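To start, the structure under review is shown below, and the notes come after it.
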Number of protein chains: 2
Amino acid sequence: MPDTPTRPRTRQRILDAALDLFGTRGVDAVSLDEIARDVGVRKQTVLYWFDSKDTLVDAVLEQVASELLVVIDAAIRSAEDDPLDRVDAVVRAVFRPAVRRPALLGLVREVSRLPAAQADRLRSMVQPVVDRCVDYLALEMEKGRLRRADPGLVAALAYATVTGIATEPESLRAVRWEASAVGLRHLRDELRAFLRAALAPERS
Amino acid sequence: MPDTPTRPRTRQRILDAALDLFGTRGVDAVSLDEIARDVGVRKQTVLYWFDSKDTLVDAVLEQVASELLVVIDAAIRSAEDDPLDRVDAVVRAVFRPAVRRPALLGLVREVSRLPAAQADRLRSMVQPVVDRCVDYLALEMEKGRLRRADPGLVAALAYATVTGIATEPESLRAVRWEASAVGLRHLRDELRAFLRAALAPERS
DNA sequence: GATCCTGTCTACCAGATGGTAGACAGGATC
DNA sequence: GATCCTGTCTACCATCTGGTAGACAGGATC
């Protein structure tokens with residue numbers, strides 16, 4: 001069967017399906033059979049494109065990291081001057097893909113339960129961006145344009161807030177949030193206000 | 001073999017082991033065999049105490065919920081008057097068990113990937129406390145003692161921040177945080193300051 | 001002493017899992 | 001036309017999975 005425009009490359013379709021399944025249900029809980037079924041192919045075809053499940057996981061992680069890094073990098077380089085505006089830009093940039101595809105950040109979270117080797121690989125990909133963020137925060141804190149605190153931990157806390165809220169629909173249901181277009185915008189704005197308040201310098 | 005003081009009831013030991021494994025690696029990724037091995041018993045003994053894996057999961061969820069609710073409830077009822085101090089009390093109360101046993105909050109997170117029935121059961125256990133928290137936040141916002149915002153979403157965001165930071169050691173490693181006693185206290189204090197800033201009323 | 005109850009065990013089982021071996025179809029290359 | 005390459009498939013396999021059936025040992029009850 002030849003590849004046609006409506007039948008994109010199998011490899012990429014496997015990657016996509018794996019990303020969604022791994023991200024929403026966890027790597028260990030998803031079988032190759034399931035991924036294959038999702039793609040409409042046999043398990044052995046999955047194993048043809050990726051030597052093993054581990055290889056597939058690696059490839060998926062790489063794709064997620066690069067996708068997110070592109071978005072974040074663009075937002076960081078945005079023209080904003082005030083650091084609060086810049087953070088805002090990052091949040092808006094991440095929020096859209098994250099909500100549209102919960103698996104994205106879900107997979108990022110999944111990292112903490114991955115074998116050390118795989119977690120290390122991903123961390124080394126992300127590390128430069130993290131370092132740049134932390135340095136930037138430190139600089140702006142010194143200038144008095146952000147609340148003075150440990151820049152590394154502030155970065156981690158802000159990250160935890162964003163990924164937490166995006167990956168835990170259950171907690172939102174508990175506070176009776178509705179998953180509509182209006183609700184989404186409302187959530188995004190509340191998230192922005194929350195972070196802005198958490199990061200703003202103490203007015204004295 | 002009789003039960004002795006050094007050999008606590010098997011049932012409880014199974015619950016403990018299951019809590020840790022489920023919480024750190026995910027329910028689907030942990031087998032009954034593994035839990036049994038951890039306890040030092042055969043899988044069939046696990047199935048003697050809990051009719052099925054589902055039953056075990058339910059029991060573990062119930063234990064987690066009640067453990068956390070006790071802690072949170074006590075902190076909410078604390079003598080503090082200022083709402084920021086009260087939040088502080090809750091954070092301090094949750095932080096200790098959460099960091100000592102990452103699986104606790106890890107399991108709470110796991111809820112979002114559980115079958116709907118189980119997720120619902122847990123939510124109904126937690127709902128009253130959540131409602132009370134949200135009402136309290138709304139009241140204090142009206143009094144002008146908290147930043148005015150959507151009380152439900154603020155509660156969800158604060159929750160996301162706390163559980164996020166407690167369940168994602170990987171993100172902390174990325175910002176080069178060290179998991180020592182000093183580091184822990186530092187982290188706790190930064191978390192408190194972060195939330196305090198996020199919740200404090202706008203000074204005008 | 002016979003009987004029952006409790007807690008743990010061994011022995012299975014059917015189905016799923018990750019993975020191997022190799023057939024085969026269709027196109028490209030010679 | 002023979003050969004090779006690519007992508008998918010069927011047929012297996014060993015291992016692990018949740019779960020059932022039932023043996024058995026030790027204590028309590030009669």
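Starting from 1 in every chain, residues are counted up; chains themselves are A, B, ... following the order of the structure tokens, and ligands are numbered from 1 as listed.
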Worksheet item: Once you count only C-alpha atoms (C1' of nucleotides), which residues of chain A turn out to be within 12 Å of chain D? Could you give them as a PyMOL selection string?
Response: chain A and resi 1-3+9-11+40-49
### Task
Pull out every residue of chain B that has at least one atom within 7 Å of chain A, counting only C-alpha atoms, and report them as a ChimeraX atom specification.
/B:24-25,28-29,112-113,123,127,152-153,156-157,160-161,164-165,168-172,174-175,194-195,197-198
Write the residues you've just listed into a file as a tab-separated table (two decimals), in the first residue's frame, and include C-alpha atoms for each of them.
chain	number	residue	atom	x	y	z
B	24	THR	CA	5.53	6.42	42.64
B	25	ARG	CA	5.11	4.28	39.55
B	28	ASP	CA	-1.18	0.07	35.99
B	29	ALA	CA	2.56	-0.26	36.07
B	112	SER	CA	-6.75	11.54	36.79
B	113	ARG	CA	-5.75	8.39	34.95
B	123	ARG	CA	-13.68	12.97	44.55
B	127	GLN	CA	-15.49	17.24	47.86
B	152	GLY	CA	-12.22	27.86	43.05
B	153	LEU	CA	-9.47	28.30	40.51
B	156	ALA	CA	-6.90	24.53	42.27
B	157	LEU	CA	-3.82	26.56	41.37
B	160	ALA	CA	-1.34	22.31	41.70
B	161	THR	CA	1.68	24.22	42.91
B	164	GLY	CA	3.46	19.64	41.52
B	165	ILE	CA	6.55	20.61	43.42
B	168	GLU	CA	8.32	16.17	40.59
B	169	PRO	CA	11.81	15.72	41.94
B	170	GLU	CA	13.03	15.81	38.35
B	171	SER	CA	12.12	19.46	37.90
B	172	LEU	CA	13.92	20.27	41.12
B	174	ALA	CA	16.89	20.53	36.78
B	175	VAL	CA	17.23	23.73	38.84
B	194	PHE	CA	5.40	31.91	46.64
B	195	LEU	CA	1.88	31.08	47.73
B	197	ALA	CA	2.64	36.37	47.30
B	198	ALA	CA	0.17	34.73	44.95
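Closest approach to Val39 of chain A among A:Leu184, A:Ala89, A:Ile76, A:Ile14: A:Ile14, based on only C-alpha atoms.
Proximity to chain A at a cut-off of 10 Å picks out DA16, DT17, DG18, DG19, DA25, DG26 and DG27 of chain C on chain C, counting only C-alpha atoms (C1' of nucleotides).
As for atom CA of Leu146 of chain B and atom CA of Pro83 of chain B, they are spaced 7.3 Å apart.
The space between atom CA of Asp16 of chain B and atom CA of Val99 of chain B spans 16.1 Å.
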From atom CA of Asp189 of chain A to atom CA of Glu142 of chain A the spacing works out at 27.3 Å
Segment 23-183 of chain B: residues DSSP assigns to alpha helix (DSSP H), reported as a CSV table (one decimal) with C-alpha atoms, in the first residue's frame:
chain,number,residue,atom,x,y,z
B,23,GLY,CA,2.0,6.4,44.1
B,24,THR,CA,5.5,6.4,42.6
B,25,ARG,CA,5.1,4.3,39.6
B,32,LEU,CA,0.4,-7.8,42.4
B,33,ASP,CA,3.4,-10.0,42.3
B,34,GLU,CA,5.6,-6.9,42.9
B,35,ILE,CA,3.6,-5.8,45.8
B,36,ALA,CA,3.6,-9.2,47.3
B,37,ARG,CA,7.4,-9.5,46.9
B,38,ASP,CA,7.8,-6.1,48.6
B,39,VAL,CA,5.8,-7.4,51.6
B,43,LYS,CA,0.6,-12.9,45.4
B,44,GLN,CA,-2.2,-15.2,46.5
B,45,THR,CA,-1.9,-13.8,50.0
B,46,VAL,CA,-2.5,-10.3,48.6
B,47,LEU,CA,-5.5,-11.7,46.8
B,48,TYR,CA,-6.7,-13.2,50.1
B,49,TRP,CA,-6.8,-9.8,51.8
B,53,LYS,CA,-6.5,-5.5,42.3
B,54,ASP,CA,-9.3,-3.0,42.0
B,55,THR,CA,-10.3,-3.6,45.6
B,56,LEU,CA,-6.8,-3.0,46.6
B,57,VAL,CA,-6.6,0.2,44.7
B,58,ASP,CA,-9.9,1.4,46.3
B,59,ALA,CA,-8.6,0.6,49.7
B,60,VAL,CA,-5.3,2.5,49.1
B,61,LEU,CA,-7.2,5.5,47.7
B,62,GLU,CA,-9.4,5.6,50.8
B,63,GLN,CA,-6.4,5.4,53.1
B,64,VAL,CA,-4.6,8.2,51.3
B,65,ALA,CA,-7.7,10.4,51.3
B,66,SER,CA,-8.4,10.0,54.9
B,67,GLU,CA,-4.7,10.5,55.9
B,68,LEU,CA,-4.5,13.7,53.9
B,69,LEU,CA,-7.9,14.9,55.1
B,70,VAL,CA,-7.0,14.6,58.7
B,71,VAL,CA,-3.9,16.6,58.3
B,72,ILE,CA,-5.6,19.3,56.2
B,73,ASP,CA,-8.6,19.5,58.4
B,74,ALA,CA,-6.5,20.0,61.5
B,75,ALA,CA,-4.6,22.8,59.8
B,76,ILE,CA,-7.7,24.5,58.6
B,83,PRO,CA,-6.0,33.7,55.9
B,84,LEU,CA,-2.5,33.9,54.7
B,85,ASP,CA,-1.3,32.4,58.0
B,86,ARG,CA,-4.0,29.7,57.7
B,87,VAL,CA,-2.8,28.7,54.2
B,88,ASP,CA,0.7,28.7,55.6
B,89,ALA,CA,-0.4,26.3,58.3
B,90,VAL,CA,-1.9,23.9,55.7
B,91,VAL,CA,1.2,24.0,53.5
B,92,ARG,CA,3.4,23.2,56.5
B,93,ALA,CA,1.1,20.4,57.5
B,94,VAL,CA,1.0,18.8,54.1
B,95,PHE,CA,4.6,19.4,53.2
B,96,ARG,CA,6.1,17.2,55.8
B,97,PRO,CA,4.2,13.9,55.0
B,98,ALA,CA,4.2,14.8,51.3
B,99,VAL,CA,8.0,15.0,51.1
B,100,ARG,CA,8.6,12.2,53.4
B,103,ALA,CA,3.8,8.5,46.9
B,104,LEU,CA,1.0,10.1,48.9
B,105,LEU,CA,0.5,13.1,46.6
B,106,GLY,CA,1.7,11.0,43.7
B,107,LEU,CA,-1.4,8.8,44.2
B,108,VAL,CA,-3.6,11.8,44.3
B,109,ARG,CA,-2.2,12.7,40.9
B,110,GLU,CA,-2.8,9.2,39.7
B,116,ALA,CA,-14.1,7.1,36.1
B,117,ALA,CA,-15.8,5.1,38.8
B,118,GLN,CA,-12.7,5.1,41.1
B,119,ALA,CA,-12.0,8.8,40.4
B,120,ASP,CA,-15.6,9.6,41.3
B,121,ARG,CA,-15.4,7.8,44.6
B,122,LEU,CA,-12.3,9.6,45.6
B,123,ARG,CA,-13.7,13.0,44.6
B,124,SER,CA,-16.8,12.5,46.6
B,125,MET,CA,-14.7,11.8,49.6
B,126,VAL,CA,-12.7,15.0,49.1
B,127,GLN,CA,-15.5,17.2,47.9
B,128,PRO,CA,-16.8,18.5,51.2
B,129,VAL,CA,-13.3,19.7,52.3
B,130,VAL,CA,-12.7,21.3,48.9
B,131,ASP,CA,-16.0,23.1,49.1
B,132,ARG,CA,-15.3,24.4,52.6
B,133,CYS,CA,-11.9,25.7,51.4
B,134,VAL,CA,-13.4,27.5,48.4
B,135,ASP,CA,-16.1,29.1,50.5
B,136,TYR,CA,-13.5,30.2,53.0
B,137,LEU,CA,-11.4,31.7,50.3
B,138,ALA,CA,-14.4,33.5,48.8
B,139,LEU,CA,-15.3,35.0,52.1
B,140,GLU,CA,-11.8,36.3,52.8
B,141,MET,CA,-11.5,37.7,49.3
B,142,GLU,CA,-14.7,39.7,50.0
B,151,PRO,CA,-11.8,31.3,44.6
B,152,GLY,CA,-12.2,27.9,43.0
B,153,LEU,CA,-9.5,28.3,40.5
B,154,VAL,CA,-7.2,29.9,43.1
B,155,ALA,CA,-7.7,26.8,45.2
B,156,ALA,CA,-6.9,24.5,42.3
B,157,LEU,CA,-3.8,26.6,41.4
B,158,ALA,CA,-2.4,26.5,44.9
B,159,TYR,CA,-3.1,22.8,45.0
B,160,ALA,CA,-1.3,22.3,41.7
B,161,THR,CA,1.7,24.2,42.9
B,162,VAL,CA,2.0,22.2,46.1
B,163,THR,CA,1.5,18.7,44.6
B,164,GLY,CA,3.5,19.6,41.5
B,165,ILE,CA,6.5,20.6,43.4
B,166,ALA,CA,6.2,17.7,45.8
B,167,THR,CA,5.8,15.0,43.1
B,169,PRO,CA,11.8,15.7,41.9
B,170,GLU,CA,13.0,15.8,38.4
B,171,SER,CA,12.1,19.5,37.9
B,172,LEU,CA,13.9,20.3,41.1
B,173,ARG,CA,17.0,18.5,39.9
B,174,ALA,CA,16.9,20.5,36.8
B,181,ALA,CA,17.5,18.7,55.3
B,182,VAL,CA,18.6,22.3,54.6
B,183,GLY,CA,17.4,22.1,51.1
